[in-house]
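Engineer: Hey, dropping query_17.txt in here, compact mmCIF, C-alpha atoms:
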```
# COMPACT_ATOMS: atom_id res chain seq x y z
CA MET B 1 186.52 26.16 -64.39
CA VAL B 2 187.77 29.18 -62.41
CA PRO B 3 189.61 31.72 -64.58
CA THR B 4 193.19 32.74 -63.80
CA LYS B 5 194.57 36.24 -63.23
CA GLU B 6 196.57 35.84 -66.44
CA GLN B 7 193.36 35.22 -68.43
CA ILE B 8 191.87 38.38 -66.95
CA ARG B 9 194.97 40.43 -67.77
CA ASP B 10 195.04 39.05 -71.32
CA ARG B 11 191.46 40.22 -71.84
CA LEU B 12 192.30 43.64 -70.38
CA ALA B 13 195.27 44.03 -72.74
CA ALA B 14 192.82 44.67 -75.58
CA ILE B 15 191.35 47.69 -73.76
CA LYS B 16 192.96 51.12 -74.11
CA ALA B 17 193.37 53.70 -71.37
CA PRO B 18 192.29 57.27 -72.25
CA ASP B 19 195.91 58.09 -73.19
CA GLY B 20 196.02 55.16 -75.65
CA ARG B 21 198.15 52.75 -73.64
CA PRO B 22 197.01 49.16 -73.08
CA LEU B 23 195.22 49.11 -69.74
CA PRO B 24 197.67 46.72 -67.97
CA ASN B 25 200.51 49.13 -68.81
CA SER B 26 198.74 52.21 -67.45
CA GLY B 27 199.83 51.70 -63.84
CA THR B 28 196.26 52.08 -62.59
CA LEU B 29 195.26 48.49 -61.86
CA SER B 30 195.22 47.05 -58.37
CA GLU B 31 195.90 43.39 -57.62
CA ILE B 32 193.29 41.21 -59.31
CA VAL B 33 191.46 38.93 -56.87
CA VAL B 34 189.67 35.84 -58.23
CA SER B 35 187.61 33.82 -55.74
CA ASP B 36 187.09 30.07 -55.87
CA ASP B 37 183.55 30.54 -57.19
CA GLY B 38 184.57 32.78 -60.10
CA LYS B 39 184.01 36.24 -58.64
CA VAL B 40 186.54 38.86 -59.77
CA PHE B 41 187.43 42.02 -57.83
CA PHE B 42 189.89 44.82 -58.55
CA SER B 43 190.03 48.58 -58.79
CA ILE B 44 191.30 51.22 -61.19
CA ALA B 45 193.00 54.07 -59.33
CA VAL B 46 193.22 57.32 -61.30
CA ASP B 47 193.81 60.99 -60.69
CA ALA B 48 190.68 62.82 -59.54
CA ALA B 49 190.77 65.12 -62.56
CA ALA B 50 190.57 62.17 -64.94
CA VAL B 51 187.51 60.40 -63.51
CA LYS B 52 185.09 61.39 -66.29
CA ALA B 53 187.44 60.12 -68.96
CA TRP B 54 187.94 56.82 -67.13
CA GLU B 55 184.34 55.94 -66.27
CA PRO B 56 183.54 54.59 -69.79
CA VAL B 57 186.75 52.55 -69.57
CA ARG B 58 185.65 51.08 -66.23
CA LYS B 59 182.33 49.96 -67.73
CA THR B 60 184.10 48.41 -70.71
CA VAL B 61 186.51 46.63 -68.38
CA GLU B 62 183.71 45.21 -66.25
CA GLU B 63 181.89 43.89 -69.34
CA ALA B 64 185.10 42.40 -70.74
CA VAL B 65 185.91 40.60 -67.48
CA ARG B 66 182.39 39.17 -67.28
CA SER B 67 182.85 37.70 -70.76
CA VAL B 68 185.85 35.62 -69.66
CA PRO B 69 184.83 31.94 -69.39
CA GLY B 70 184.31 30.93 -65.78
CA VAL B 71 183.67 34.44 -64.42
CA ARG B 72 180.41 34.51 -62.48
CA SER B 73 180.52 38.19 -61.55
CA ALA B 74 182.91 41.12 -61.69
CA MET B 75 183.26 44.22 -59.54
CA VAL B 76 185.58 46.89 -60.90
CA ALA B 77 185.75 50.03 -58.77
CA LEU B 78 187.03 53.35 -60.07
CA THR B 79 188.83 55.15 -57.25
CA ALA B 80 189.87 58.79 -57.63
CA GLU B 81 193.15 59.73 -55.96
CA ARG B 82 195.17 62.94 -55.92
CA ALA B 83 198.91 62.39 -55.99
CA VAL B 84 200.92 64.18 -53.30
CA GLY B 85 202.84 67.06 -54.81
CA GLY B 86 200.16 68.48 -57.05
CA PRO B 87 198.02 67.52 -60.04
CA SER B 88 199.41 65.60 -62.92
CA SER B 89 198.23 64.95 -66.46
CA ALA B 90 199.04 61.22 -66.10
CA PRO B 91 197.47 58.84 -63.64
CA GLN B 92 199.63 58.27 -60.56
CA ARG B 93 199.44 56.11 -57.50
CA ALA B 94 198.97 57.85 -54.19
CA GLY B 95 202.12 59.25 -52.64
CA GLY B 96 203.36 60.57 -55.99
CA THR B 97 204.73 57.22 -57.19
CA PRO B 98 204.89 57.20 -60.98
CA PRO B 99 202.84 54.64 -62.85
CA SER B 100 204.51 51.30 -63.36
CA GLY B 101 203.77 48.09 -65.22
CA SER B 102 201.04 45.64 -64.41
CA GLY B 103 203.40 43.67 -62.15
CA ALA B 104 203.55 46.46 -59.51
CA GLY B 105 202.05 45.66 -56.14
CA PRO B 106 200.06 47.99 -53.92
CA SER B 107 201.86 51.16 -52.86
CA GLY B 108 202.36 52.09 -49.22
CA VAL B 109 201.04 55.12 -47.35
CA PRO B 110 203.77 57.78 -47.28
CA GLY B 111 205.41 58.02 -43.87
CA VAL B 112 203.88 54.79 -42.54
CA SER B 113 206.36 51.96 -42.00
CA SER B 114 203.95 49.06 -41.39
CA ILE B 115 200.18 48.55 -41.63
CA ILE B 116 198.38 45.73 -39.83
CA ALA B 117 194.71 44.77 -39.99
CA ILE B 118 192.70 43.72 -36.93
CA ALA B 119 189.91 41.52 -38.24
CA SER B 120 187.23 39.02 -37.29
CA GLY B 121 184.99 36.75 -39.25
CA LYS B 122 181.91 38.05 -37.43
CA GLY B 123 180.78 40.94 -35.27
CA GLY B 124 180.36 40.98 -31.52
CA VAL B 125 183.68 39.39 -30.59
CA GLY B 126 185.30 42.59 -29.23
CA LYS B 127 187.50 43.29 -32.25
CA SER B 128 187.39 47.09 -31.99
CA THR B 129 188.13 47.08 -28.26
CA THR B 130 191.04 44.75 -28.96
CA ALA B 131 192.27 46.97 -31.81
CA ILE B 132 192.40 50.17 -29.77
CA ASN B 133 194.02 48.54 -26.72
CA LEU B 134 196.49 46.73 -28.98
CA ALA B 135 197.39 50.08 -30.57
CA LEU B 136 197.94 51.56 -27.10
CA GLY B 137 200.07 48.55 -26.20
CA LEU B 138 202.22 49.20 -29.28
CA ARG B 139 202.45 52.85 -28.21
CA ASP B 140 203.72 51.73 -24.81
CA LEU B 141 206.45 49.77 -26.59
CA GLY B 142 207.79 53.07 -27.91
CA LEU B 143 206.21 52.99 -31.36
CA LYS B 144 204.47 55.91 -33.02
CA VAL B 145 201.04 54.47 -33.84
CA GLY B 146 198.03 55.48 -35.90
CA VAL B 147 194.59 53.87 -35.97
CA LEU B 148 192.27 53.79 -38.98
CA ASP B 149 188.66 52.81 -38.37
CA ALA B 150 187.83 50.98 -41.60
CA ASP B 151 184.28 50.07 -40.57
CA ILE B 152 182.30 52.46 -42.75
CA TYR B 153 178.89 51.09 -41.74
CA GLY B 154 179.53 50.85 -37.99
CA PRO B 155 182.50 53.02 -36.93
CA SER B 156 183.57 52.41 -33.31
CA LEU B 157 186.47 54.81 -32.77
CA PRO B 158 184.38 57.86 -31.79
CA LYS B 159 182.82 55.87 -28.92
CA LEU B 160 185.94 53.99 -27.85
CA LEU B 161 187.95 57.22 -27.59
CA ALA B 162 185.09 59.61 -26.69
CA ILE B 163 185.93 61.84 -29.66
CA LYS B 164 183.29 64.36 -30.70
CA GLU B 165 185.42 66.87 -32.58
CA ARG B 166 185.65 67.01 -36.37
CA PRO B 167 188.96 66.71 -38.24
CA GLN B 168 190.43 69.88 -39.68
CA THR B 169 191.39 70.16 -43.35
CA LEU B 170 194.76 71.07 -44.81
CA GLY B 171 194.62 73.16 -47.94
CA GLY B 172 190.93 72.33 -48.29
CA THR B 173 191.69 68.88 -49.70
CA ARG B 174 193.43 66.74 -47.06
CA LEU B 175 192.19 65.77 -43.61
CA VAL B 176 194.24 66.20 -40.46
CA PRO B 177 193.76 63.18 -38.17
CA ILE B 178 192.84 63.59 -34.51
CA SER B 179 195.27 62.83 -31.67
CA SER B 180 194.01 60.86 -28.67
CA PHE B 181 195.97 59.09 -25.90
CA GLY B 182 199.13 59.48 -27.96
CA LEU B 183 197.58 57.87 -31.04
CA THR B 184 196.89 59.41 -34.45
CA VAL B 185 193.34 58.37 -35.36
CA MET B 186 190.83 58.69 -38.20
CA SER B 187 187.29 57.37 -38.67
CA ILE B 188 184.34 58.09 -40.96
CA GLY B 189 182.49 58.46 -37.66
CA PHE B 190 184.33 61.75 -37.07
CA LEU B 191 182.68 63.19 -40.19
CA ILE B 192 179.04 62.16 -39.69
CA GLU B 193 176.46 62.27 -36.94
CA GLU B 194 176.38 59.24 -34.65
CA GLU B 195 172.96 58.00 -35.81
CA THR B 196 173.45 58.70 -39.52
CA PRO B 197 173.18 55.44 -41.52
CA MET B 198 175.79 54.86 -44.20
CA ILE B 199 173.66 53.52 -47.05
CA TRP B 200 176.52 52.98 -49.48
CA ARG B 201 177.22 50.35 -52.10
CA GLY B 202 180.49 48.45 -52.24
CA PRO B 203 182.40 50.75 -54.64
CA MET B 204 181.57 53.78 -52.48
CA VAL B 205 182.92 51.99 -49.42
CA MET B 206 186.09 51.11 -51.31
CA SER B 207 186.51 54.71 -52.44
CA ALA B 208 185.97 56.04 -48.89
CA LEU B 209 188.60 53.68 -47.51
CA THR B 210 191.05 54.71 -50.20
CA GLN B 211 190.50 58.35 -49.34
CA MET B 212 191.06 57.78 -45.63
CA LEU B 213 194.31 56.04 -46.47
CA ARG B 214 195.56 58.44 -49.12
CA GLU B 215 194.00 61.83 -48.35
CA VAL B 216 194.80 62.03 -44.64
CA GLU B 217 197.98 63.63 -43.29
CA TRP B 218 199.12 60.64 -41.27
CA GLY B 219 202.61 61.99 -40.76
CA THR B 220 205.37 59.60 -39.74
CA LEU B 221 204.16 56.38 -38.12
CA ASP B 222 205.95 53.20 -37.13
CA MET B 223 202.70 51.27 -37.39
CA MET B 224 199.12 51.84 -38.52
CA VAL B 225 196.50 49.64 -36.90
CA VAL B 226 193.40 49.20 -39.09
CA ASP B 227 190.21 48.22 -37.29
CA MET B 228 188.48 46.24 -40.03
CA PRO B 229 184.72 45.67 -40.28
CA PRO B 230 183.60 42.12 -39.54
CA GLY B 231 183.38 39.62 -42.38
CA THR B 232 185.28 39.08 -45.63
CA GLY B 233 183.95 41.71 -48.02
CA ASP B 234 184.83 44.86 -49.93
CA ALA B 235 186.75 46.57 -47.13
CA GLN B 236 189.10 43.64 -46.64
CA LEU B 237 189.73 43.33 -50.37
CA THR B 238 190.30 47.07 -50.69
CA MET B 239 192.91 47.06 -47.92
CA ALA B 240 194.70 44.07 -49.43
CA GLN B 241 194.69 45.73 -52.86
CA GLN B 242 195.52 49.30 -51.92
CA VAL B 243 198.33 48.92 -49.37
CA PRO B 244 201.01 46.31 -48.62
CA LEU B 245 199.64 44.94 -45.34
CA ALA B 246 202.35 43.66 -43.00
CA GLY B 247 199.84 41.19 -41.63
CA ALA B 248 196.46 40.56 -40.04
CA VAL B 249 195.46 39.77 -36.45
CA ILE B 250 192.31 37.66 -36.12
CA VAL B 251 190.10 38.21 -33.04
CA SER B 252 187.71 35.46 -31.95
CA THR B 253 185.92 34.17 -28.91
CA PRO B 254 186.48 30.52 -27.88
CA GLN B 255 183.07 29.27 -29.00
CA ASP B 256 182.74 27.14 -32.12
CA LEU B 257 180.39 29.55 -33.92
CA ALA B 258 182.93 32.39 -33.76
CA LEU B 259 185.80 30.09 -34.72
CA ILE B 260 184.02 29.01 -37.90
CA ASP B 261 183.98 32.63 -39.04
CA ALA B 262 187.54 33.18 -37.85
CA ARG B 263 188.64 30.37 -40.16
CA ARG B 264 187.03 32.18 -43.08
CA GLY B 265 188.91 35.36 -42.19
CA ILE B 266 192.23 33.53 -42.02
CA ALA B 267 191.55 31.79 -45.34
CA MET B 268 190.66 35.09 -47.01
CA PHE B 269 193.85 36.86 -45.90
CA LYS B 270 195.96 33.92 -47.00
CA ARG B 271 194.23 33.95 -50.39
CA VAL B 272 195.17 37.61 -50.95
CA ASN B 273 198.75 36.96 -49.71
CA VAL B 274 198.45 38.83 -46.42
CA PRO B 275 200.39 37.12 -43.59
CA VAL B 276 198.31 36.10 -40.56
CA LEU B 277 200.21 37.41 -37.54
CA GLY B 278 198.11 35.34 -35.15
CA ILE B 279 194.85 34.82 -33.29
CA VAL B 280 193.65 36.55 -30.12
CA GLU B 281 191.12 34.73 -27.95
CA ASN B 282 188.86 37.47 -26.57
CA MET B 283 186.35 36.91 -23.74
CA SER B 284 188.47 33.86 -22.98
CA TYR B 285 187.25 33.33 -19.41
CA PHE B 286 185.44 35.13 -16.59
CA LEU B 287 186.74 35.57 -13.04
CA CYS B 288 184.03 36.44 -10.54
CA PRO B 289 185.09 39.70 -8.82
CA HIS B 290 183.42 38.58 -5.59
CA CYS B 291 184.47 34.96 -5.10
CA GLY B 292 187.28 34.56 -7.62
CA THR B 293 185.62 31.57 -9.30
CA ARG B 294 186.57 31.11 -12.95
CA SER B 295 183.82 30.44 -15.49
CA ASP B 296 184.47 29.57 -19.15
CA ILE B 297 181.29 31.21 -20.43
CA PHE B 298 182.09 30.76 -24.13
CA GLY B 299 184.27 27.70 -23.64
CA HIS B 300 188.05 28.06 -23.42
CA GLY B 301 191.09 27.36 -25.53
CA GLY B 302 189.23 27.12 -28.84
CA ALA B 303 191.27 29.88 -30.48
CA ARG B 304 194.56 28.42 -29.24
CA HIS B 305 193.61 25.02 -30.65
CA GLU B 306 192.56 26.62 -33.93
CA ALA B 307 195.86 28.49 -34.16
CA GLU B 308 197.77 25.24 -33.68
CA ARG B 309 195.61 23.46 -36.24
CA LEU B 310 196.10 26.19 -38.85
CA ASN B 311 199.79 26.69 -38.00
CA VAL B 312 199.46 30.38 -37.12
CA PRO B 313 200.74 32.05 -33.91
CA PHE B 314 198.50 32.24 -30.85
CA LEU B 315 198.87 35.78 -29.48
CA GLY B 316 197.09 35.54 -26.13
CA GLU B 317 193.91 35.39 -24.07
CA VAL B 318 191.87 38.43 -23.01
CA PRO B 319 189.40 37.80 -20.17
CA LEU B 320 185.74 38.78 -20.12
CA ASP B 321 185.82 41.53 -17.52
CA MET B 322 183.65 44.46 -16.49
CA THR B 323 186.66 46.79 -16.28
CA ILE B 324 187.38 46.38 -19.99
CA ARG B 325 183.72 46.90 -20.88
CA GLU B 326 183.29 49.95 -18.62
CA THR B 327 186.43 51.72 -19.79
CA SER B 328 185.58 51.05 -23.44
CA ASP B 329 182.04 52.39 -23.09
CA ALA B 330 183.39 55.50 -21.35
CA GLY B 331 185.92 56.20 -24.09
CA LEU B 332 188.76 55.54 -21.62
CA PRO B 333 190.51 52.40 -22.93
CA VAL B 334 191.97 50.25 -20.19
CA VAL B 335 195.58 50.30 -21.41
CA ALA B 336 195.61 54.11 -21.31
CA THR B 337 193.66 54.70 -18.09
CA LYS B 338 194.66 51.68 -15.97
CA PRO B 339 198.18 51.03 -17.28
CA ASP B 340 199.34 49.16 -14.16
CA GLY B 341 196.38 46.76 -14.09
CA PRO B 342 196.37 43.11 -15.19
CA HIS B 343 194.29 43.77 -18.30
CA ALA B 344 196.70 46.38 -19.64
CA LYS B 345 199.51 43.85 -19.21
CA VAL B 346 197.58 41.29 -21.27
CA TYR B 347 197.20 43.75 -24.15
CA ARG B 348 200.83 44.88 -23.95
CA ASP B 349 202.00 41.26 -24.08
CA ILE B 350 199.89 40.72 -27.21
CA ALA B 351 201.26 43.96 -28.68
CA SER B 352 204.81 42.76 -28.04
CA ARG B 353 204.13 39.52 -29.92
CA VAL B 354 202.56 41.40 -32.82
CA ARG B 355 205.52 43.78 -33.03
CA ASP B 356 207.94 40.85 -33.02
CA GLN B 357 205.97 39.12 -35.76
CA VAL B 358 206.02 42.23 -37.97
CA GLN B 359 209.70 42.94 -37.36
CA GLY B 360 210.61 39.30 -37.95
CA ARG B 361 208.82 39.23 -41.29
CA SER B 362 210.40 42.55 -42.26
CA ARG B 363 213.89 41.22 -41.52
CA ALA B 364 213.13 38.06 -43.49
CA ARG B 365 212.08 40.12 -46.53
CA SER B 366 215.20 42.31 -46.36
CA ALA B 367 217.67 39.47 -45.75
CA PRO B 368 220.20 39.10 -48.59
CA ASN B 369 220.21 36.05 -50.80
CA ILE B 370 223.44 34.05 -50.52
CA VAL B 371 224.50 32.50 -53.79
CA ILE B 372 227.22 29.83 -53.76
CA GLU B 373 228.92 29.40 -57.08
CA ALA B 374 230.66 26.16 -57.91
```
What is this file in structure tokens?
Structural biologist:
Amino acid sequence: MVPTKEQIRDRLAAIKAPDGRPLPNSGTLSEIVVSDDGKVFFSIAVDAAAVKAWEPVRKTVEEAVRSVPGVRSAMVALTAERAVGGPSSAPQRAGGTPPSGSGAGPSGVPGVSSIIAIASGKGGVGKSTTAINLALGLRDLGLKVGVLDADIYGPSLPKLLAIKERPQTLGGTRLVPISSFGLTVMSIGFLIEEETPMIWRGPMVMSALTQMLREVEWGTLDMMVVDMPPGTGDAQLTMAQQVPLAGAVIVSTPQDLALIDARRGIAMFKRVNVPVLGIVENMSYFLCPHCGTRSDIFGHGGARHEAERLNVPFLGEVPLDMTIRETSDAGLPVVATKPDGPHAKVYRDIASRVRDQVQGRSRARSAPNIVIEA
């Protein structure tokens, strides 16, 4: 029998934080994720100065969760965050938000209105190329846009934007993101050499992502586009736990193999209560530049059919084209460098649908409740 979140919280109530409060009342716990097969994931976010005092607590918590009937495994990550506005003797969430009760959801990134994840169930479907051109399409709609490369193991932003410079630091503790084509961008790839392997375990990846969200001077953004790594692992869970995602865009090719993994991605985001904004069918078809003949190399329409079957929006088709590949490899994304071409229009149309989805959901959340009294 799979344990419930309430069972986990009840077990955690017997554990004390370093200041003596019951752990669920300390304001440090992220959302608790329990998978169908009994795997439990969550993090404890504390001030950087308190890490040593909290590490024994983390170990106790992990052991306690594993003892709950039905739990097959537990991963509890300790993430160190510095609150904006200076050090504090009490743990705080990033952005200077005071600790709250266990019912509090993930806190936003200061100055960022909406955060969306661009994801895929597997690699090789053109997710990163889609993410950067989608971000540029949102920029062309008049939005101020940032891009976070959340793929710690295989960062793509340095190549896609031809960025070789290193970010500057502010006050020796916070990173200043790099500006490129009117976007505010950050990637772990800006901090390491191109061929350096990132041999990190899951908790280190989660901590690195948290730092790039919380310890970067993002400024004021209408939307942050997060280029997720492929799959359904630590990075996806960290994003869902650490920030209130406005939604996720799933990128797939039309072929059945890619769609199987896309389904997993959609199911994962739904499980952690992240809205699926829609599916993009990448490499949808190929038009021969010489004779104009169309070839459906990976099939065609699979993503549209899947969107209809799963009752999520279909955002559009992106063709398999040499222009997109060449501009991406050169660090000159097609929306920025060939803005009047047909491919830029495809991405801008998708961006418009994504923006409308986000704004529509935002209006729905802020709409007043009408109560009719008899």
Engineer: Which one is closest to Arg66 (chain B): B:Gly38, B:Pro230, B:Gly219, B:Gly301? Count only C-alpha atoms.
Structural biologist: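 Looking only at the distances to Arg66 (chain B), the closest residue turns out to be B:Gly38.
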Engineer: Kindly give the distance, in Å, that separates CA of Val145 (chain B) and CA of Met268 (chain B), rounded to a single decimal.
Structural biologist: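 Answer for the CA of Val145 (chain B) to CA of Met268 (chain B) separation: 25.6 Å.
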Engineer: Quote the spacing between CA of Arg353 (chain B) and CA of Gly154 (chain B) in Å to one decimal place.
Structural biologist: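 Pair CA of Arg353 (chain B) / CA of Gly154 (chain B) returns 28.3 Å.
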Engineer: Using all atoms listed in the file, give me every residue within 10 Å of (187.0, 54.0, -58.4) in file coordinates, as a PyMOL selection string.
Structural biologist: chain B and resi 42-46+48+51+54-55+58+76-81+203-204+206-208+210
Engineer: List as a list in words the protein and nucleic acid residues near Asp140 (chain B), meaning an atom at most 10 Å away when only C-alpha atoms are counted, but skip any in the same chain fewer than 6 places from it.
Structural biologist: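 What passes the distance filter is Leu134, Gly182, Val335, Ala336, Pro339, Arg348, Ala351 and Ser352 of chain B.
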Engineer: Nearest to Leu245 (chain B) among B:Asn25, B:Ser128, B:Ser295, B:Ser114, with distances taken over all atoms listed in the file: which residue is it?
Structural biologist: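 For Leu245 (chain B), the nearest of the given residues is B:Ser114.
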Engineer: Can you list, as a PDB file with C-alpha atoms, in the coordinates of the input, every protein, DNA or RNA residue that comes within 9 Å of Leu23 (chain B) when you count all atoms listed in the file, leaving out same-chain residues fewer than 5 positions away?
Structural biologist:
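As a result, result_24.pdb now contains:
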```pdb
ATOM      1  CA  ARG B   9     194.970  40.430 -67.770  1.00  0.00           C
ATOM      2  CA  LEU B  12     192.300  43.640 -70.380  1.00  0.00           C
ATOM      3  CA  ALA B  13     195.270  44.030 -72.740  1.00  0.00           C
ATOM      4  CA  ALA B  14     192.820  44.670 -75.580  1.00  0.00           C
ATOM      5  CA  ILE B  15     191.350  47.690 -73.760  1.00  0.00           C
ATOM      6  CA  LYS B  16     192.960  51.120 -74.110  1.00  0.00           C
ATOM      7  CA  ALA B  17     193.370  53.700 -71.370  1.00  0.00           C
ATOM      8  CA  THR B  28     196.260  52.080 -62.590  1.00  0.00           C
ATOM      9  CA  LEU B  29     195.260  48.490 -61.860  1.00  0.00           C
ATOM     10  CA  SER B 102     201.040  45.640 -64.410  1.00  0.00           C
TER      11      SER B 102
END
```
Engineer: Need the shell around Ile250 (chain B): protein/DNA/RNA residues with any atom at most 9 Å away, counting all atoms listed in the file. Skip same-chain ones fewer than 6 positions apart. Format as a VMD selection string?
Structural biologist: chain B and resid 117 to 121 127 262 265 to 266 276 to 281
Engineer: So, with only C-alpha atoms as the atoms that count, which of B:Arg325, B:Lys144, B:Arg21, B:Lys39 lies closest to Val112 (chain B)?
Structural biologist: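 Using only C-alpha atoms, Val112 (chain B) sits closest to B:Lys144.
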Engineer: Have a look at B:Val71, B:Met228, B:Val2, B:Ala267 and name the one nearest to Ser156 (chain B); count only C-alpha atoms.
Structural biologist: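 Using only C-alpha atoms, Ser156 (chain B) sits closest to B:Met228.
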Engineer: How far is it from CA of Met186 (chain B) to CA of Glu326 (chain B), in Å with one decimal?
Structural biologist: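 Separating CA of Met186 (chain B) from CA of Glu326 (chain B) is a distance of 22.7 Å.
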Engineer: Show me as a list in words the residues that reach within 9 Å of (200.2, 37.7, -38.2), counting only C-alpha atoms and using the file's own coordinates.
Structural biologist: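 In the file's frame, the residues around the point are Ile116, Ala246, Gly247, Ala248, Val249, Ile250, Val274, Pro275, Val276, Leu277, Gly278, Ile279, Val312, Pro313, Val354, Gln357 and Val358 of chain B.
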Engineer: Mind writing the picked residues with C-alpha atoms as a PDB file, keeping the file's coordinate frame?
Structural biologist:
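Written out: again07.pdb:
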```
ATOM      1  CA  ILE B 116     198.380  45.730 -39.830  1.00  0.00           C
ATOM      2  CA  ALA B 246     202.350  43.660 -43.000  1.00  0.00           C
ATOM      3  CA  GLY B 247     199.840  41.190 -41.630  1.00  0.00           C
ATOM      4  CA  ALA B 248     196.460  40.560 -40.040  1.00  0.00           C
ATOM      5  CA  VAL B 249     195.460  39.770 -36.450  1.00  0.00           C
ATOM      6  CA  ILE B 250     192.310  37.660 -36.120  1.00  0.00           C
ATOM      7  CA  VAL B 274     198.450  38.830 -46.420  1.00  0.00           C
ATOM      8  CA  PRO B 275     200.390  37.120 -43.590  1.00  0.00           C
ATOM      9  CA  VAL B 276     198.310  36.100 -40.560  1.00  0.00           C
ATOM     10  CA  LEU B 277     200.210  37.410 -37.540  1.00  0.00           C
ATOM     11  CA  GLY B 278     198.110  35.340 -35.150  1.00  0.00           C
ATOM     12  CA  ILE B 279     194.850  34.820 -33.290  1.00  0.00           C
ATOM     13  CA  VAL B 312     199.460  30.380 -37.120  1.00  0.00           C
ATOM     14  CA  PRO B 313     200.740  32.050 -33.910  1.00  0.00           C
ATOM     15  CA  VAL B 354     202.560  41.400 -32.820  1.00  0.00           C
ATOM     16  CA  GLN B 357     205.970  39.120 -35.760  1.00  0.00           C
ATOM     17  CA  VAL B 358     206.020  42.230 -37.970  1.00  0.00           C
TER      18      VAL B 358
END
```
Engineer: Find the residues near Val225 (chain B): any atom within 7 Å, counting all atoms listed in the file, skip ones fewer than 3 places away on the same chain, and give them as a list in words.
Structural biologist: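 Selected residues are Ile115, Ile116, Ala117, Ala135, Gly146, Val147 and Leu148 of chain B.
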Engineer: Residues within 9 Å of region 188-190 of chain B, please, as JSON, numbers by chain. Count all atoms listed in the file; anything in the same chain fewer than 6 positions from it doesn't count.
Structural biologist: {"B": [149, 150, 151, 152, 153, 154, 155, 156, 157, 158, 163, 164, 165, 166, 167, 208, 209, 212]}
Engineer: May I have the residues from that selection written out with C-alpha atoms, as a PDB file, in the coordinates of the input?
Structural biologist:
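Written file, out-v3.pdb:
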```pdb
ATOM      1  CA  ASP B 149     188.660  52.810 -38.370  1.00  0.00           C
ATOM      2  CA  ALA B 150     187.830  50.980 -41.600  1.00  0.00           C
ATOM      3  CA  ASP B 151     184.280  50.070 -40.570  1.00  0.00           C
ATOM      4  CA  ILE B 152     182.300  52.460 -42.750  1.00  0.00           C
ATOM      5  CA  TYR B 153     178.890  51.090 -41.740  1.00  0.00           C
ATOM      6  CA  GLY B 154     179.530  50.850 -37.990  1.00  0.00           C
ATOM      7  CA  PRO B 155     182.500  53.020 -36.930  1.00  0.00           C
ATOM      8  CA  SER B 156     183.570  52.410 -33.310  1.00  0.00           C
ATOM      9  CA  LEU B 157     186.470  54.810 -32.770  1.00  0.00           C
ATOM     10  CA  PRO B 158     184.380  57.860 -31.790  1.00  0.00           C
ATOM     11  CA  ILE B 163     185.930  61.840 -29.660  1.00  0.00           C
ATOM     12  CA  LYS B 164     183.290  64.360 -30.700  1.00  0.00           C
ATOM     13  CA  GLU B 165     185.420  66.870 -32.580  1.00  0.00           C
ATOM     14  CA  ARG B 166     185.650  67.010 -36.370  1.00  0.00           C
ATOM     15  CA  PRO B 167     188.960  66.710 -38.240  1.00  0.00           C
ATOM     16  CA  ALA B 208     185.970  56.040 -48.890  1.00  0.00           C
ATOM     17  CA  LEU B 209     188.600  53.680 -47.510  1.00  0.00           C
ATOM     18  CA  MET B 212     191.060  57.780 -45.630  1.00  0.00           C
TER      19      MET B 212
END
```
Engineer: In terms of the shortest atom-to-atom distance over all atoms listed in the file, which of B:Ile8, B:Leu161, B:Ala64, B:Ala53 is closest to Asp329 (chain B)?
Structural biologist: B:Leu161
Engineer: Restricting the calculation to all atoms listed in the file: of B:Phe181, B:Pro18, B:Pro56, B:Ser187, which residue gets closest to Lys159 (chain B)?
Structural biologist: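 Using all atoms listed in the file, the shortest distance to Lys159 (chain B) belongs to B:Ser187.
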Engineer: Select region 122-148 of chain B in the preceding structure and write C-alpha atoms to a file as a PDB file, in the first residue's frame.
Structural biologist:
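That gives us selection23.pdb:
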```
ATOM      1  CA  LYS B 122      13.597  11.681 -23.838  1.00  0.00           C
ATOM      2  CA  GLY B 123      16.594  13.378 -25.401  1.00  0.00           C
ATOM      3  CA  GLY B 124      17.191  14.083 -29.059  1.00  0.00           C
ATOM      4  CA  VAL B 125      13.799  15.598 -29.869  1.00  0.00           C
ATOM      5  CA  GLY B 126      15.030  19.206 -30.213  1.00  0.00           C
ATOM      6  CA  LYS B 127      13.778  20.427 -26.842  1.00  0.00           C
ATOM      7  CA  SER B 128      16.567  22.947 -26.222  1.00  0.00           C
ATOM      8  CA  THR B 129      16.307  24.428 -29.722  1.00  0.00           C
ATOM      9  CA  THR B 130      12.564  24.730 -29.185  1.00  0.00           C
ATOM     10  CA  ALA B 131      13.073  26.335 -25.762  1.00  0.00           C
ATOM     11  CA  ILE B 132      15.397  29.081 -26.964  1.00  0.00           C
ATOM     12  CA  ASN B 133      13.323  29.922 -30.052  1.00  0.00           C
ATOM     13  CA  LEU B 134      10.144  29.862 -27.967  1.00  0.00           C
ATOM     14  CA  ALA B 135      11.782  32.306 -25.535  1.00  0.00           C
ATOM     15  CA  LEU B 136      12.699  34.572 -28.451  1.00  0.00           C
ATOM     16  CA  GLY B 137       9.130  34.305 -29.728  1.00  0.00           C
ATOM     17  CA  LEU B 138       7.867  35.439 -26.314  1.00  0.00           C
ATOM     18  CA  ARG B 139      10.375  38.304 -26.466  1.00  0.00           C
ATOM     19  CA  ASP B 140       8.931  39.335 -29.823  1.00  0.00           C
ATOM     20  CA  LEU B 141       5.498  39.483 -28.195  1.00  0.00           C
ATOM     21  CA  GLY B 142       6.807  42.266 -25.973  1.00  0.00           C
ATOM     22  CA  LEU B 143       7.610  40.207 -22.883  1.00  0.00           C
ATOM     23  CA  LYS B 144      10.782  40.501 -20.850  1.00  0.00           C
ATOM     24  CA  VAL B 145      12.104  36.930 -20.865  1.00  0.00           C
ATOM     25  CA  GLY B 146      14.789  34.963 -19.058  1.00  0.00           C
ATOM     26  CA  VAL B 147      16.050  31.458 -19.839  1.00  0.00           C
ATOM     27  CA  LEU B 148      17.405  29.007 -17.268  1.00  0.00           C
TER      28      LEU B 148
END
```
